[in-house]
Amino acid sequence: MVEAFQNAHHLIPTISNLVFRTMNKSLLIYFLIRIFHAQWHGAPASSRLWACVRQKPVANRRSARSAFRVKCAISGLSFLCAAAFPALHASEIPVYSSETDIVYGVVAGKTLTLNAFLPEGQAAPTPAIVDIHGGWWFGGGKASQVDYVGGWQWFKRHALAVFSIEYRLGHDGSFPENIRDCRNAIRFIRKNAGRFRIDPNRIEVTGGSAGGHLSLMVAMVPENFPDGGPLPGLEKVSAQVCGSFSFIPPTDFVRFWNQGPNDVITNADGKIFFRGPDDKIPYDSRPRLRVLFRGVTPDSKAGRELYDSMSPIGHVRKDVPPLLICDGENDPIVLGLHGKALCEKLRAAGADATYWMTPAGGHGFPDGKGFDQVLDKFLVRSLQLDSVQNEK
């Protein structure tokens, strides 16, 4: 039954309409959905929907009948959300413990921390995935709980240890300083694998937007990438990872610069100024890149080479680890399917690259019929989860 509904995301509007229109059968539908819901109550999305039905009143209810219709409709959505994920009883999902604000380094007077979300009761060291937050490289922060990490449903399904890190932002975190911070976080986690009870050879990265860019850089750059190197105490600890799941990432900074609107302002005296970032302007990349590259632009050969060196597109080679790269078809921030262009170059080089585009998707987490299986298979393959499960 579950397999028949694993690709049911696209049916949610249809089921909702049917439930509302078929009122003479609503009682039967309601009880059937309650039964199905009990079978899949371990799915977090369905639990949240059902909690809304149970605990919160429906606004503007005119009658008990209309309230009942709302309950039926949301129950239908709950069932489909549960069916969209592989069957997994709540008792099979491990309990997670949290350890927050762990210091992984101090750079230029800035203390850098990470949060660890660790599955309890595992018989063997677990694989790990490290979340790198987005925010234009200027904002955002590490996740305060595991359920705030993009993809957490998949990660908990496989009992992965989940880490969320911070890195220097804005001018303090210009390139390559922010890349260095992320790589040193990987070194710290690997060095402390025993403390976290993780497998140091099965560490992967993930992130979206700016975090997608950084997760790709962590995965793709060579060990000796000139970012300033390991922090004291992390020397001779590898920053390499076994894969990256990145979504909506800028992958080519020269292209990203060229796509951005002009940021030059000329006053009445003919003096030239550069305006700051404006969140009201779509894909306003230039003011931010000026800061992140300390005033260097890609208008010269040296500038283009610098921009390429800080872009995933500049590190294409055959021996990068497995990569899952995802775009939104209508992304208003990262235009023109940056991920697709990178993936095509990677495949031409013989690299292991998987691509996903969310149909009509914007600047957000990947979605669409079949994505659940794509991400699940990628994690199983890149983190060798079959062998991990066989060892338990």
# chains A, B, ... in the order shown; residues from 1 in each chain; ligands from 1
>>> residues_around(residues="Asp279 in chain A", least_positions_apart="4", cutoff="12 Å", atoms="only C-alpha atoms", output="list of chain:residue names")
A:Gly135, A:Trp136, A:Tyr283, A:Asp284, A:Ser285, A:Pro287, A:Arg288, A:Pro332, A:Ile333
>>> residues_around(residues="range 169-185 of chain A", least_positions_apart="6", cutoff="9 Å", atoms="only C-alpha atoms", output="ChimeraX atom specification")
/A:104-105,107,112-114,130,132,136-140,214-215,217-218,226-231,234,238-240,288-289,291-294,310
>>> write_last_selection(atoms="C-alpha atoms", output="tab-separated table (two decimals), in the first residue's frame")
chain	number	residue	atom	x	y	z
A	104	TYR	CA	35.29	24.24	16.98
A	105	GLY	CA	37.69	27.13	16.57
A	107	VAL	CA	39.76	32.90	14.34
A	112	LEU	CA	33.06	29.59	15.94
A	113	THR	CA	30.56	26.99	17.16
A	114	LEU	CA	28.44	24.12	15.94
A	130	VAL	CA	26.92	18.57	8.23
A	132	ILE	CA	25.83	24.74	6.24
A	136	TRP	CA	23.84	35.42	1.10
A	137	TRP	CA	27.05	34.71	3.10
A	138	PHE	CA	25.96	37.71	5.20
A	139	GLY	CA	23.24	36.36	7.49
A	140	GLY	CA	21.63	33.25	8.87
A	214	LEU	CA	29.80	26.33	0.51
A	215	SER	CA	28.82	22.67	0.73
A	217	MET	CA	33.21	23.97	-2.21
A	218	VAL	CA	33.88	21.79	0.83
A	226	PRO	CA	44.69	27.78	-0.22
A	227	ASP	CA	42.11	29.02	2.27
A	228	GLY	CA	44.45	29.55	5.23
A	229	GLY	CA	44.63	25.92	6.25
A	230	PRO	CA	43.80	24.04	9.46
A	231	LEU	CA	43.38	25.80	12.77
A	234	LEU	CA	43.50	20.37	13.55
A	238	SER	CA	41.46	15.81	6.60
A	239	ALA	CA	38.68	18.18	5.53
A	240	GLN	CA	37.51	15.82	2.80
A	288	ARG	CA	27.47	41.51	-1.89
A	289	LEU	CA	30.18	40.11	-4.14
A	291	VAL	CA	32.27	42.96	-0.17
A	292	LEU	CA	32.96	39.22	-0.22
A	293	PHE	CA	35.78	39.68	-2.75
A	294	ARG	CA	37.07	42.82	-1.00
A	310	MET	CA	35.97	30.48	-5.25
>>> closest_atom_pairs(of="range 161-242 of chain A", to="range 247-270 of chain A", cutoff="10 Å", atoms="only C-alpha atoms", output="JSON lines")
{"residue": "A:Thr206", "atom": "CA", "partner": "A:Phe247", "partner_atom": "CA", "distance": 8.1}
{"residue": "A:Gly207", "atom": "CA", "partner": "A:Phe247", "partner_atom": "CA", "distance": 6.5}
{"residue": "A:Gly208", "atom": "CA", "partner": "A:Phe247", "partner_atom": "CA", "distance": 4.7}
{"residue": "A:Ser209", "atom": "CA", "partner": "A:Pro249", "partner_atom": "CA", "distance": 4.5}
{"residue": "A:Ala210", "atom": "CA", "partner": "A:Pro249", "partner_atom": "CA", "distance": 6.3}
{"residue": "A:Gly211", "atom": "CA", "partner": "A:Pro249", "partner_atom": "CA", "distance": 7.4}
{"residue": "A:Gly212", "atom": "CA", "partner": "A:Pro249", "partner_atom": "CA", "distance": 4.6}
{"residue": "A:His213", "atom": "CA", "partner": "A:Pro249", "partner_atom": "CA", "distance": 4.9}
{"residue": "A:Leu214", "atom": "CA", "partner": "A:Pro249", "partner_atom": "CA", "distance": 8.5}
{"residue": "A:Ser215", "atom": "CA", "partner": "A:Pro249", "partner_atom": "CA", "distance": 9.1}
{"residue": "A:Leu216", "atom": "CA", "partner": "A:Thr251", "partner_atom": "CA", "distance": 8.3}
{"residue": "A:Met217", "atom": "CA", "partner": "A:Thr251", "partner_atom": "CA", "distance": 9.2}
>>> write_last_selection(atoms="C-alpha atoms", output="CSV table (one decimal), in the first residue's frame")
chain,number,residue,atom,x,y,z
A,206,THR,CA,24.5,19.8,2.8
A,207,GLY,CA,23.2,23.3,2.4
A,208,GLY,CA,21.0,25.6,0.4
A,209,SER,CA,21.7,28.9,-1.4
A,210,ALA,CA,24.9,30.3,0.1
A,211,GLY,CA,25.1,27.1,2.1
A,212,GLY,CA,24.7,25.1,-1.1
A,213,HIS,CA,27.7,27.0,-2.6
A,214,LEU,CA,29.8,26.3,0.5
A,215,SER,CA,28.8,22.7,0.7
A,216,LEU,CA,29.9,22.2,-2.9
A,217,MET,CA,33.2,24.0,-2.2
>>> atom_distance(atom1="CA of Arg317 in chain A", atom2="CA of Asp352 in chain A")
10.0 Å
>>> select_by_dssp(residues="range 140-377 of chain A", states="strand (DSSP E or B)", output="ChimeraX atom specification")
/A:161-165,198-208,244-247,264-266,272-274,323-328,353-358
>>> residues_around(residues="Ala219 in chain A", least_positions_apart="6", cutoff="7 Å", atoms="only C-alpha atoms", output="number ranges by chain")
A: 240-241, 243-244, 321
>>> write_last_selection(atoms="C-alpha atoms", output="mmCIF file, in the first residue's frame")
data_model
loop_
_atom_site.group_PDB
_atom_site.id
_atom_site.type_symbol
_atom_site.label_atom_id
_atom_site.label_comp_id
_atom_site.auth_asym_id
_atom_site.auth_seq_id
_atom_site.Cartn_x
_atom_site.Cartn_y
_atom_site.Cartn_z
ATOM 1 C CA GLN A 240 37.511 15.816 2.797
ATOM 2 C CA VAL A 241 33.916 14.593 2.740
ATOM 3 C CA GLY A 243 29.514 13.675 -0.712
ATOM 4 C CA SER A 244 27.418 16.828 -0.906
ATOM 5 C CA PRO A 321 32.945 12.788 -4.304
#
>>> atom_distance(atom1="CA of Glu120 in chain A", atom2="CA of Pro94 in chain A")
6.1 Å
>>> closest_residue(among="A:Thr100, A:Ala193, A:Arg187, A:Arg275", to="Lys236 in chain A", atoms="only C-alpha atoms")
A:Arg187
